[in-house]
Amino acid sequence: MNAAANLSTSVAELRAKLAPLGQDAYDLETCERYASMVEEINDLKRKRRAVVLAHNYQRPEIFEVADFTGDSLELARRAREVEDAEVIVFCGVHFMAETAKVLNPERTVLLPDMKAGCSLADSVTAEALAERKEELKALYPDLRVVSYVNTTADVKALSDACCTSSNAVKVVEAIDSENILFVPDRNLANYVQSKTRKRIISWDGNCYVHHQINPEEIARVRDSIPGIQVLAHPECRRDVLKLADAVLSTSAMISYAKNSAAEKFLIVTECGLSDRLLMEVPDKRFFKTCKLCQYMKMITLEGTLDSLRHMRHEITLDESVRDGARRALARMLELSA
Ligand code: 13P
Ligand code: SF4
């Protein structure tokens, strides 16, 4: 990936790209403002030798300045391939920027807003994990800890391997133990348990965005739109996943929708993904359960520009934490290769 690969965007181009999302949110004045910020960001990217990595849940205008947009696994992989870049601006949440830093200790990693955290990542601390691990080791000497990437670097450092929504089953199946402590998402742990004969011991965490989605709203849409395909994220509750045609990571939902013969889809995850689909797959119809992640939406074009102008806010990590987290991430990439 080359630094500053994006070209500047004209107002007309930007309006055309954002049109599927409705003219109200992206009127002429807004598009003019965004186009000038996009240009300034692209200039600064060249000057700073910076790349912008963005998660699929980001605001649509952020996609305009991103050198790469993807799910957590793709972003972790891309973070290792930034070649000539000196700076990575991460448009996502704190644990994702930390992962980029773990994989790029020599580069400057910036997060436009330090308040962009994750309530799921906050549901497990390194202290609580260390205590639980010790208790369980006494019962299951072969215990291994698999932590979802939605965790802090010090939790990753205490784990045997990390996983993402797209490779959780693969990592659990490949790891050398029959007993796995899976942290912190209970819904994802339940999903993994439904796919493996190994013992999965779950943590009591959930993503507030996905956990609030209920089966009644899925059933209502399914009943009213014949032929609709339901694509759900594995962070959803078990009773919601039961109603899905496919359980997929965010990027896998995009590929599925593009390649499927179906024309109508209900996207059961954070709203940003439906926005991406509306822009990228204009010939199909997407319905959404529309839940917003307040943390993902803290990242704005203004904040990204500010971050590059003033080189803030920098992610720093203690070396021992970084080494431990790097080991767990490397194990994930190896087990799911
Ligand atoms: P993926 O994009 O890896 O499916 O993860 C979704 C998510 O919850 C990120 O916070
Ligand atoms: Fe965290 Fe959920 Fe937001 Fe992802 S969607 S960042 S898991 S709160």
# chains A, B, ... in the order shown; residues from 1 in each chain; ligands from 1
>>> residues_near_ligand(ligand="ligand 1", cutoff="9 Å", atoms="only C-alpha atoms and all ligand atoms", output="ChimeraX atom specification")
/A:55-57,70-75,92-93,95-96,118,120,149-150,164-166,207,209-210,233-235,248-253,269-270,293,296
>>> select_by_dssp(residues="region 91-276 of chain A", states="strand (DSSP E or B)", output="mmCIF file with N, CA, C and O atoms, in the first residue's frame")
data_model
loop_
_atom_site.group_PDB
_atom_site.id
_atom_site.type_symbol
_atom_site.label_atom_id
_atom_site.label_comp_id
_atom_site.auth_asym_id
_atom_site.auth_seq_id
_atom_site.Cartn_x
_atom_site.Cartn_y
_atom_site.Cartn_z
ATOM 1 N N CYS A 91 -8.759 5.443 11.453
ATOM 2 C CA CYS A 91 -10.157 5.868 11.588
ATOM 3 C C CYS A 91 -10.954 4.645 12.019
ATOM 4 O O CYS A 91 -11.415 3.842 11.193
ATOM 5 N N THR A 108 4.525 6.128 13.548
ATOM 6 C CA THR A 108 3.630 6.919 14.391
ATOM 7 C C THR A 108 2.197 6.515 14.064
ATOM 8 O O THR A 108 1.809 6.533 12.886
ATOM 9 N N VAL A 109 1.441 6.129 15.084
ATOM 10 C CA VAL A 109 0.031 5.766 14.865
ATOM 11 C C VAL A 109 -0.838 6.803 15.569
ATOM 12 O O VAL A 109 -0.665 7.062 16.765
ATOM 13 N N LEU A 110 -1.748 7.415 14.797
ATOM 14 C CA LEU A 110 -2.613 8.457 15.349
ATOM 15 C C LEU A 110 -4.067 8.008 15.352
ATOM 16 O O LEU A 110 -4.527 7.360 14.405
ATOM 17 N N ARG A 144 -6.357 -22.596 27.294
ATOM 18 C CA ARG A 144 -5.776 -21.540 26.455
ATOM 19 C C ARG A 144 -6.753 -20.363 26.461
ATOM 20 O O ARG A 144 -7.962 -20.558 26.539
ATOM 21 N N VAL A 145 -6.180 -19.165 26.351
ATOM 22 C CA VAL A 145 -7.026 -17.961 26.302
ATOM 23 C C VAL A 145 -7.036 -17.441 24.864
ATOM 24 O O VAL A 145 -5.986 -17.166 24.287
ATOM 25 N N VAL A 146 -8.247 -17.336 24.319
ATOM 26 C CA VAL A 146 -8.399 -16.719 22.995
ATOM 27 C C VAL A 146 -9.136 -15.403 23.210
ATOM 28 O O VAL A 146 -10.244 -15.380 23.756
ATOM 29 N N SER A 147 -8.498 -14.316 22.830
ATOM 30 C CA SER A 147 -9.171 -13.027 23.022
ATOM 31 C C SER A 147 -9.536 -12.421 21.674
ATOM 32 O O SER A 147 -8.751 -12.453 20.714
ATOM 33 N N TYR A 148 -10.760 -11.913 21.641
ATOM 34 C CA TYR A 148 -11.269 -11.208 20.473
ATOM 35 C C TYR A 148 -10.378 -9.971 20.282
ATOM 36 O O TYR A 148 -9.902 -9.411 21.282
ATOM 37 N N ALA A 161 -3.820 -16.497 21.921
ATOM 38 C CA ALA A 161 -4.041 -16.055 20.534
ATOM 39 C C ALA A 161 -5.192 -15.076 20.517
ATOM 40 O O ALA A 161 -6.077 -15.127 21.376
ATOM 41 N N CYS A 162 -5.185 -14.205 19.526
ATOM 42 C CA CYS A 162 -6.339 -13.328 19.301
ATOM 43 C C CYS A 162 -7.202 -13.953 18.213
ATOM 44 O O CYS A 162 -6.815 -14.937 17.573
ATOM 45 N N CYS A 163 -8.377 -13.382 17.999
ATOM 46 C CA CYS A 163 -9.201 -13.786 16.863
ATOM 47 C C CYS A 163 -10.072 -12.596 16.484
ATOM 48 O O CYS A 163 -10.169 -11.624 17.237
ATOM 49 N N ASN A 179 -9.844 -26.883 25.946
ATOM 50 C CA ASN A 179 -10.540 -25.972 26.864
ATOM 51 C C ASN A 179 -10.084 -24.540 26.624
ATOM 52 O O ASN A 179 -8.905 -24.219 26.807
ATOM 53 N N ILE A 180 -11.055 -23.725 26.224
ATOM 54 C CA ILE A 180 -10.702 -22.357 25.812
ATOM 55 C C ILE A 180 -11.474 -21.336 26.651
ATOM 56 O O ILE A 180 -12.712 -21.382 26.716
ATOM 57 N N LEU A 181 -10.731 -20.409 27.227
ATOM 58 C CA LEU A 181 -11.393 -19.243 27.839
ATOM 59 C C LEU A 181 -11.468 -18.195 26.742
ATOM 60 O O LEU A 181 -10.432 -17.759 26.210
ATOM 61 N N PHE A 182 -12.703 -17.832 26.363
ATOM 62 C CA PHE A 182 -12.914 -16.940 25.225
ATOM 63 C C PHE A 182 -13.401 -15.598 25.744
ATOM 64 O O PHE A 182 -14.478 -15.500 26.326
ATOM 65 N N VAL A 183 -12.597 -14.546 25.535
ATOM 66 C CA VAL A 183 -12.964 -13.223 26.068
ATOM 67 C C VAL A 183 -13.045 -12.192 24.944
ATOM 68 O O VAL A 183 -12.329 -12.301 23.961
ATOM 69 N N ASP A 185 -16.502 -11.333 24.393
ATOM 70 C CA ASP A 185 -17.881 -11.282 23.889
ATOM 71 C C ASP A 185 -18.610 -12.617 24.071
ATOM 72 O O ASP A 185 -18.283 -13.602 23.403
ATOM 73 N N ARG A 199 -14.514 -27.228 24.595
ATOM 74 C CA ARG A 199 -15.228 -26.516 25.663
ATOM 75 C C ARG A 199 -14.873 -25.019 25.592
ATOM 76 O O ARG A 199 -13.697 -24.647 25.695
ATOM 77 N N ILE A 200 -15.909 -24.191 25.416
ATOM 78 C CA ILE A 200 -15.698 -22.741 25.369
ATOM 79 C C ILE A 200 -16.214 -22.142 26.678
ATOM 80 O O ILE A 200 -17.395 -22.274 27.009
ATOM 81 N N ILE A 201 -15.323 -21.513 27.402
ATOM 82 C CA ILE A 201 -15.731 -20.840 28.642
ATOM 83 C C ILE A 201 -15.794 -19.352 28.317
ATOM 84 O O ILE A 201 -14.790 -18.759 27.908
ATOM 85 N N SER A 202 -16.984 -18.778 28.465
ATOM 86 C CA SER A 202 -17.130 -17.405 27.979
ATOM 87 C C SER A 202 -16.986 -16.381 29.100
ATOM 88 O O SER A 202 -17.069 -16.699 30.287
ATOM 89 N N GLY A 205 -19.192 -10.364 28.618
ATOM 90 C CA GLY A 205 -19.196 -9.072 27.933
ATOM 91 C C GLY A 205 -20.083 -9.126 26.702
ATOM 92 O O GLY A 205 -20.410 -10.208 26.212
ATOM 93 N N GLN A 229 -32.805 -11.680 2.315
ATOM 94 C CA GLN A 229 -31.757 -12.486 2.955
ATOM 95 C C GLN A 229 -31.306 -11.738 4.201
ATOM 96 O O GLN A 229 -31.023 -10.530 4.125
ATOM 97 N N VAL A 230 -31.208 -12.452 5.314
ATOM 98 C CA VAL A 230 -30.795 -11.806 6.565
ATOM 99 C C VAL A 230 -29.315 -12.136 6.831
ATOM 100 O O VAL A 230 -28.950 -13.295 6.976
ATOM 101 N N LEU A 231 -28.476 -11.090 6.877
ATOM 102 C CA LEU A 231 -27.043 -11.279 7.166
ATOM 103 C C LEU A 231 -26.760 -10.685 8.545
ATOM 104 O O LEU A 231 -26.980 -9.486 8.763
ATOM 105 N N ALA A 232 -26.282 -11.518 9.458
ATOM 106 C CA ALA A 232 -26.084 -11.034 10.835
ATOM 107 C C ALA A 232 -24.633 -11.182 11.275
ATOM 108 O O ALA A 232 -23.932 -12.110 10.866
ATOM 109 N N ALA A 246 -27.143 -16.025 6.960
ATOM 110 C CA ALA A 246 -25.685 -16.165 7.053
ATOM 111 C C ALA A 246 -25.173 -15.328 8.210
ATOM 112 O O ALA A 246 -25.685 -14.240 8.478
ATOM 113 N N VAL A 247 -24.157 -15.866 8.922
ATOM 114 C CA VAL A 247 -23.521 -15.158 10.040
ATOM 115 C C VAL A 247 -22.112 -14.798 9.566
ATOM 116 O O VAL A 247 -21.312 -15.697 9.266
ATOM 117 N N LYS A 264 -32.343 -8.500 -2.185
ATOM 118 C CA LYS A 264 -32.723 -7.711 -1.004
ATOM 119 C C LYS A 264 -32.083 -8.333 0.234
ATOM 120 O O LYS A 264 -32.132 -9.560 0.409
ATOM 121 N N PHE A 265 -31.518 -7.480 1.059
ATOM 122 C CA PHE A 265 -30.810 -7.975 2.244
ATOM 123 C C PHE A 265 -31.163 -7.144 3.463
ATOM 124 O O PHE A 265 -31.275 -5.914 3.369
ATOM 125 N N LEU A 266 -31.277 -7.826 4.593
ATOM 126 C CA LEU A 266 -31.384 -7.109 5.869
ATOM 127 C C LEU A 266 -30.008 -7.215 6.522
ATOM 128 O O LEU A 266 -29.494 -8.325 6.755
ATOM 129 N N ILE A 267 -29.396 -6.074 6.799
ATOM 130 C CA ILE A 267 -28.034 -6.043 7.337
ATOM 131 C C ILE A 267 -28.117 -5.854 8.848
ATOM 132 O O ILE A 267 -28.481 -4.776 9.331
ATOM 133 N N VAL A 268 -27.774 -6.920 9.575
ATOM 134 C CA VAL A 268 -27.952 -6.894 11.026
ATOM 135 C C VAL A 268 -26.594 -6.651 11.699
ATOM 136 O O VAL A 268 -25.915 -7.579 12.159
ATOM 137 N N GLU A 270 -23.875 -2.821 12.724
ATOM 138 C CA GLU A 270 -23.849 -1.355 12.874
ATOM 139 C C GLU A 270 -24.209 -0.696 11.527
ATOM 140 O O GLU A 270 -23.881 -1.219 10.450
#
>>> closest_residue(among="A:Ala16, A:Leu188, A:Ala330, A:Ala244", to="ligand 2", atoms="only C-alpha atoms and all ligand atoms")
A:Leu188
>>> closest_residue(among="A:Leu139, A:Val65, A:Ala116, A:Leu21", to="ligand 2", atoms="only C-alpha atoms and all ligand atoms")
A:Ala116
>>> select_by_dssp(residues="region 257-311 of chain A", states="helix (DSSP H, G or I)", output="VMD selection string")
chain A and resid 257 to 259 271 to 280 296 to 298 301 to 310
>>> residues_around(residues="Asn187 (chain A)", least_positions_apart="4", cutoff="8 Å", atoms="only C-alpha atoms", output="number ranges by chain")
A: 191, 206, 234-238
>>> write_last_selection(atoms="all heavy atoms", output="compact mmCIF listing (two decimals), in the first residue's frame")
# COMPACT_ATOMS: atom_id res chain seq x y z
N TYR A 191 -21.60 -18.37 19.66
CA TYR A 191 -21.59 -18.73 18.24
C TYR A 191 -20.47 -19.74 17.98
O TYR A 191 -20.67 -20.77 17.32
CB TYR A 191 -21.41 -17.47 17.38
CG TYR A 191 -21.24 -17.80 15.93
CD1 TYR A 191 -22.31 -18.30 15.18
CD2 TYR A 191 -20.00 -17.65 15.30
CE1 TYR A 191 -22.14 -18.62 13.83
CE2 TYR A 191 -19.83 -17.98 13.96
CZ TYR A 191 -20.90 -18.47 13.24
OH TYR A 191 -20.73 -18.81 11.93
N ASN A 206 -20.49 -7.96 26.22
CA ASN A 206 -21.18 -7.92 24.93
C ASN A 206 -20.99 -6.55 24.29
O ASN A 206 -20.61 -5.59 24.95
CB ASN A 206 -22.67 -8.28 25.06
CG ASN A 206 -23.43 -7.32 25.95
OD1 ASN A 206 -23.49 -6.12 25.68
ND2 ASN A 206 -24.00 -7.84 27.03
N PRO A 234 -21.76 -12.03 14.10
CA PRO A 234 -21.76 -12.97 15.24
C PRO A 234 -21.73 -12.31 16.63
O PRO A 234 -21.82 -13.03 17.63
CB PRO A 234 -20.51 -13.82 14.99
CG PRO A 234 -19.66 -13.02 14.08
CD PRO A 234 -20.58 -12.18 13.26
N GLU A 235 -21.62 -10.98 16.71
CA GLU A 235 -21.75 -10.32 18.02
C GLU A 235 -23.22 -10.21 18.44
O GLU A 235 -23.53 -9.73 19.53
CB GLU A 235 -21.12 -8.93 17.98
CG GLU A 235 -19.60 -8.94 17.98
CD GLU A 235 -19.01 -7.55 17.79
OE1 GLU A 235 -19.67 -6.54 18.07
OE2 GLU A 235 -17.85 -7.47 17.36
N CYS A 236 -24.14 -10.63 17.55
CA CYS A 236 -25.57 -10.58 17.89
C CYS A 236 -25.93 -11.75 18.81
O CYS A 236 -25.24 -12.77 18.86
CB CYS A 236 -26.43 -10.71 16.64
SG CYS A 236 -26.32 -9.29 15.55
N ARG A 237 -27.08 -11.59 19.49
CA ARG A 237 -27.56 -12.64 20.40
C ARG A 237 -27.89 -13.92 19.63
O ARG A 237 -28.21 -13.88 18.45
CB ARG A 237 -28.82 -12.14 21.12
CG ARG A 237 -28.54 -11.09 22.15
CD ARG A 237 -29.75 -10.29 22.53
NE ARG A 237 -31.03 -10.97 22.35
CZ ARG A 237 -32.20 -10.40 22.61
NH1 ARG A 237 -32.25 -9.15 23.07
NH2 ARG A 237 -33.31 -11.06 22.43
N ARG A 238 -27.87 -15.04 20.39
CA ARG A 238 -28.15 -16.35 19.80
C ARG A 238 -29.52 -16.40 19.12
O ARG A 238 -29.69 -16.95 18.04
CB ARG A 238 -28.10 -17.38 20.93
CG ARG A 238 -27.77 -18.75 20.49
CD ARG A 238 -27.76 -19.77 21.60
NE ARG A 238 -27.58 -19.26 22.95
CZ ARG A 238 -26.87 -19.90 23.88
NH1 ARG A 238 -26.27 -21.01 23.58
NH2 ARG A 238 -26.79 -19.42 25.10
>>> atom_distance(atom1="CA of Ala19 (chain A)", atom2="CA of Lys291 (chain A)")
21.1 Å
>>> closest_residue(among="A:Ile218, A:Val171, A:Ile88, A:Ile62", to="Thr196 (chain A)", atoms="only C-alpha atoms")
A:Val171
>>> residues_around(residues="region 305-313 of chain A", least_positions_apart="6", cutoff="8 Å", atoms="only C-alpha atoms", output="PDB file with N, CA and C atoms, in the first residue's frame")
ATOM      1  N   MET A  37     -12.095  19.573   2.680  1.00  0.00           N
ATOM      2  CA  MET A  37     -11.334  18.863   3.735  1.00  0.00           C
ATOM      3  C   MET A  37     -10.621  17.634   3.161  1.00  0.00           C
ATOM      4  N   GLU A  40      -7.491  18.781   1.562  1.00  0.00           N
ATOM      5  CA  GLU A  40      -6.453  19.148   2.538  1.00  0.00           C
ATOM      6  C   GLU A  40      -5.863  17.900   3.206  1.00  0.00           C
ATOM      7  N   ILE A  41      -6.730  16.934   3.510  1.00  0.00           N
ATOM      8  CA  ILE A  41      -6.241  15.683   4.127  1.00  0.00           C
ATOM      9  C   ILE A  41      -5.292  14.978   3.163  1.00  0.00           C
ATOM     10  N   LEU A  44      -1.962  16.665   3.141  1.00  0.00           N
ATOM     11  CA  LEU A  44      -1.208  16.363   4.367  1.00  0.00           C
ATOM     12  C   LEU A  44      -0.698  14.921   4.367  1.00  0.00           C
ATOM     13  N   LYS A  45      -1.475  14.013   3.788  1.00  0.00           N
ATOM     14  CA  LYS A  45      -1.025  12.617   3.715  1.00  0.00           C
ATOM     15  C   LYS A  45       0.277  12.539   2.917  1.00  0.00           C
ATOM     16  N   ARG A  48       3.110  14.239   5.056  1.00  0.00           N
ATOM     17  CA  ARG A  48       3.515  13.469   6.252  1.00  0.00           C
ATOM     18  C   ARG A  48       3.902  12.034   5.944  1.00  0.00           C
ATOM     19  N   VAL A  89      -2.866   6.917  10.230  1.00  0.00           N
ATOM     20  CA  VAL A  89      -3.988   7.549  10.929  1.00  0.00           C
ATOM     21  C   VAL A  89      -5.086   6.497  10.952  1.00  0.00           C
ATOM     22  N   LEU A 110      -1.748   7.415  14.797  1.00  0.00           N
ATOM     23  CA  LEU A 110      -2.613   8.457  15.349  1.00  0.00           C
ATOM     24  C   LEU A 110      -4.067   8.008  15.352  1.00  0.00           C
ATOM     25  N   LEU A 111      -4.777   8.361  16.419  1.00  0.00           N
ATOM     26  CA  LEU A 111      -6.226   8.133  16.496  1.00  0.00           C
ATOM     27  C   LEU A 111      -6.855   9.525  16.607  1.00  0.00           C
ATOM     28  N   PRO A 112      -7.724   9.914  15.664  1.00  0.00           N
ATOM     29  CA  PRO A 112      -8.244  11.292  15.680  1.00  0.00           C
ATOM     30  C   PRO A 112      -8.972  11.688  16.967  1.00  0.00           C
ATOM     31  N   ASP A 113      -9.572  10.729  17.673  1.00  0.00           N
ATOM     32  CA  ASP A 113     -10.247  11.086  18.933  1.00  0.00           C
ATOM     33  C   ASP A 113      -9.991   9.980  19.959  1.00  0.00           C
ATOM     34  N   MET A 114      -9.290  10.335  21.033  1.00  0.00           N
ATOM     35  CA  MET A 114      -8.927   9.333  22.047  1.00  0.00           C
ATOM     36  C   MET A 114     -10.143   8.803  22.810  1.00  0.00           C
TER      37      MET A 114
END
>>> closest_residue(among="A:Leu143, A:Ala121, A:Ala262, A:Leu278", to="ligand 2", atoms="only C-alpha atoms and all ligand atoms")
A:Ala121
>>> closest_residue(among="A:Arg59, A:Arg285, A:Lys133, A:His94", to="ligand 2", atoms="only C-alpha atoms and all ligand atoms")
A:His94
>>> closest_residue(among="A:Ile228, A:Ala174, A:Ala130, A:Ala97", to="ligand 2", atoms="only C-alpha atoms and all ligand atoms")
A:Ala97
>>> atom_distance(atom1="CA of Val11 (chain A)", atom2="CA of Cys31 (chain A)")
5.9 Å
>>> decode(residues="region 70-81 of chain A", atoms="all heavy atoms", output="PDB file, in the first residue's frame")
ATOM      1  N   GLY A  70     -11.788  -1.797   5.767  1.00  0.00           N
ATOM      2  CA  GLY A  70     -12.044  -3.229   5.884  1.00  0.00           C
ATOM      3  C   GLY A  70     -12.531  -3.645   7.247  1.00  0.00           C
ATOM      4  O   GLY A  70     -12.846  -2.801   8.102  1.00  0.00           O
ATOM      5  N   ASP A  71     -12.602  -4.970   7.456  1.00  0.00           N
ATOM      6  CA  ASP A  71     -12.999  -5.498   8.771  1.00  0.00           C
ATOM      7  C   ASP A  71     -11.748  -5.611   9.646  1.00  0.00           C
ATOM      8  O   ASP A  71     -10.629  -5.302   9.201  1.00  0.00           O
ATOM      9  CB  ASP A  71     -13.795  -6.812   8.633  1.00  0.00           C
ATOM     10  CG  ASP A  71     -12.966  -7.992   8.134  1.00  0.00           C
ATOM     11  OD1 ASP A  71     -11.726  -7.896   8.069  1.00  0.00           O
ATOM     12  OD2 ASP A  71     -13.569  -9.038   7.818  1.00  0.00           O
ATOM     13  N   SER A  72     -11.927  -6.090  10.882  1.00  0.00           N
ATOM     14  CA  SER A  72     -10.801  -6.081  11.821  1.00  0.00           C
ATOM     15  C   SER A  72      -9.628  -6.938  11.344  1.00  0.00           C
ATOM     16  O   SER A  72      -8.474  -6.547  11.514  1.00  0.00           O
ATOM     17  CB  SER A  72     -11.264  -6.593  13.191  1.00  0.00           C
ATOM     18  OG  SER A  72     -12.425  -5.930  13.571  1.00  0.00           O
ATOM     19  N   LEU A  73      -9.919  -8.089  10.745  1.00  0.00           N
ATOM     20  CA  LEU A  73      -8.832  -8.962  10.299  1.00  0.00           C
ATOM     21  C   LEU A  73      -8.087  -8.324   9.128  1.00  0.00           C
ATOM     22  O   LEU A  73      -6.849  -8.270   9.115  1.00  0.00           O
ATOM     23  CB  LEU A  73      -9.380 -10.343   9.899  1.00  0.00           C
ATOM     24  CG  LEU A  73      -8.326 -11.353   9.436  1.00  0.00           C
ATOM     25  CD1 LEU A  73      -7.288 -11.600  10.525  1.00  0.00           C
ATOM     26  CD2 LEU A  73      -8.963 -12.673   9.022  1.00  0.00           C
ATOM     27  N   GLU A  74      -8.833  -7.803   8.177  1.00  0.00           N
ATOM     28  CA  GLU A  74      -8.188  -7.159   7.020  1.00  0.00           C
ATOM     29  C   GLU A  74      -7.353  -5.965   7.466  1.00  0.00           C
ATOM     30  O   GLU A  74      -6.255  -5.731   6.958  1.00  0.00           O
ATOM     31  CB  GLU A  74      -9.245  -6.690   6.023  1.00  0.00           C
ATOM     32  CG  GLU A  74      -9.970  -7.833   5.340  1.00  0.00           C
ATOM     33  CD  GLU A  74     -11.170  -7.358   4.546  1.00  0.00           C
ATOM     34  OE1 GLU A  74     -11.815  -6.363   4.945  1.00  0.00           O
ATOM     35  OE2 GLU A  74     -11.492  -7.995   3.540  1.00  0.00           O
ATOM     36  N   LEU A  75      -7.869  -5.215   8.436  1.00  0.00           N
ATOM     37  CA  LEU A  75      -7.131  -4.034   8.909  1.00  0.00           C
ATOM     38  C   LEU A  75      -5.844  -4.447   9.618  1.00  0.00           C
ATOM     39  O   LEU A  75      -4.800  -3.805   9.444  1.00  0.00           O
ATOM     40  CB  LEU A  75      -8.016  -3.186   9.826  1.00  0.00           C
ATOM     41  CG  LEU A  75      -9.121  -2.405   9.094  1.00  0.00           C
ATOM     42  CD1 LEU A  75     -10.157  -1.885  10.082  1.00  0.00           C
ATOM     43  CD2 LEU A  75      -8.549  -1.246   8.292  1.00  0.00           C
ATOM     44  N   ALA A  76      -5.908  -5.541  10.391  1.00  0.00           N
ATOM     45  CA  ALA A  76      -4.694  -6.021  11.065  1.00  0.00           C
ATOM     46  C   ALA A  76      -3.678  -6.459  10.014  1.00  0.00           C
ATOM     47  O   ALA A  76      -2.484  -6.180  10.126  1.00  0.00           O
ATOM     48  CB  ALA A  76      -5.027  -7.163  12.017  1.00  0.00           C
ATOM     49  N   ARG A  77      -4.167  -7.141   8.972  1.00  0.00           N
ATOM     50  CA  ARG A  77      -3.243  -7.588   7.913  1.00  0.00           C
ATOM     51  C   ARG A  77      -2.654  -6.383   7.179  1.00  0.00           C
ATOM     52  O   ARG A  77      -1.456  -6.323   6.936  1.00  0.00           O
ATOM     53  CB  ARG A  77      -3.974  -8.483   6.908  1.00  0.00           C
ATOM     54  CG  ARG A  77      -4.279  -9.846   7.487  1.00  0.00           C
ATOM     55  CD  ARG A  77      -4.558 -10.857   6.377  1.00  0.00           C
ATOM     56  NE  ARG A  77      -4.659 -12.198   6.909  1.00  0.00           N
ATOM     57  CZ  ARG A  77      -5.730 -12.955   6.799  1.00  0.00           C
ATOM     58  NH1 ARG A  77      -6.800 -12.503   6.181  1.00  0.00           N
ATOM     59  NH2 ARG A  77      -5.753 -14.174   7.315  1.00  0.00           N
ATOM     60  N   ARG A  78      -3.512  -5.404   6.824  1.00  0.00           N
ATOM     61  CA  ARG A  78      -3.041  -4.233   6.093  1.00  0.00           C
ATOM     62  C   ARG A  78      -2.069  -3.397   6.912  1.00  0.00           C
ATOM     63  O   ARG A  78      -1.168  -2.771   6.369  1.00  0.00           O
ATOM     64  CB  ARG A  78      -4.216  -3.358   5.653  1.00  0.00           C
ATOM     65  CG  ARG A  78      -4.950  -3.901   4.475  1.00  0.00           C
ATOM     66  CD  ARG A  78      -3.999  -4.004   3.282  1.00  0.00           C
ATOM     67  NE  ARG A  78      -4.670  -4.650   2.174  1.00  0.00           N
ATOM     68  CZ  ARG A  78      -4.854  -4.076   0.985  1.00  0.00           C
ATOM     69  NH1 ARG A  78      -4.393  -2.876   0.745  1.00  0.00           N
ATOM     70  NH2 ARG A  78      -5.476  -4.732   0.028  1.00  0.00           N
ATOM     71  N   ALA A  79      -2.280  -3.381   8.220  1.00  0.00           N
ATOM     72  CA  ALA A  79      -1.395  -2.589   9.079  1.00  0.00           C
ATOM     73  C   ALA A  79       0.044  -3.096   8.991  1.00  0.00           C
ATOM     74  O   ALA A  79       0.984  -2.378   9.314  1.00  0.00           O
ATOM     75  CB  ALA A  79      -1.892  -2.621  10.513  1.00  0.00           C
ATOM     76  N   ARG A  80       0.222  -4.350   8.532  1.00  0.00           N
ATOM     77  CA  ARG A  80       1.590  -4.875   8.391  1.00  0.00           C
ATOM     78  C   ARG A  80       2.177  -4.580   7.009  1.00  0.00           C
ATOM     79  O   ARG A  80       3.291  -4.942   6.720  1.00  0.00           O
ATOM     80  CB  ARG A  80       1.588  -6.396   8.605  1.00  0.00           C
ATOM     81  CG  ARG A  80       1.096  -6.813   9.974  1.00  0.00           C
ATOM     82  CD  ARG A  80       1.512  -8.205  10.309  1.00  0.00           C
ATOM     83  NE  ARG A  80       1.104  -9.152   9.265  1.00  0.00           N
ATOM     84  CZ  ARG A  80       1.440 -10.429   9.265  1.00  0.00           C
ATOM     85  NH1 ARG A  80       2.192 -10.904  10.235  1.00  0.00           N
ATOM     86  NH2 ARG A  80       1.032 -11.228   8.304  1.00  0.00           N
ATOM     87  N   GLU A  81       1.344  -3.969   6.141  1.00  0.00           N
ATOM     88  CA  GLU A  81       1.803  -3.767   4.751  1.00  0.00           C
ATOM     89  C   GLU A  81       1.805  -2.293   4.364  1.00  0.00           C
ATOM     90  O   GLU A  81       1.368  -1.950   3.271  1.00  0.00           O
ATOM     91  CB  GLU A  81       0.852  -4.506   3.794  1.00  0.00           C
ATOM     92  CG  GLU A  81       0.820  -5.996   3.982  1.00  0.00           C
ATOM     93  CD  GLU A  81      -0.372  -6.635   3.305  1.00  0.00           C
ATOM     94  OE1 GLU A  81      -1.109  -5.952   2.565  1.00  0.00           O
ATOM     95  OE2 GLU A  81      -0.570  -7.838   3.542  1.00  0.00           O
TER      96      GLU A  81
END
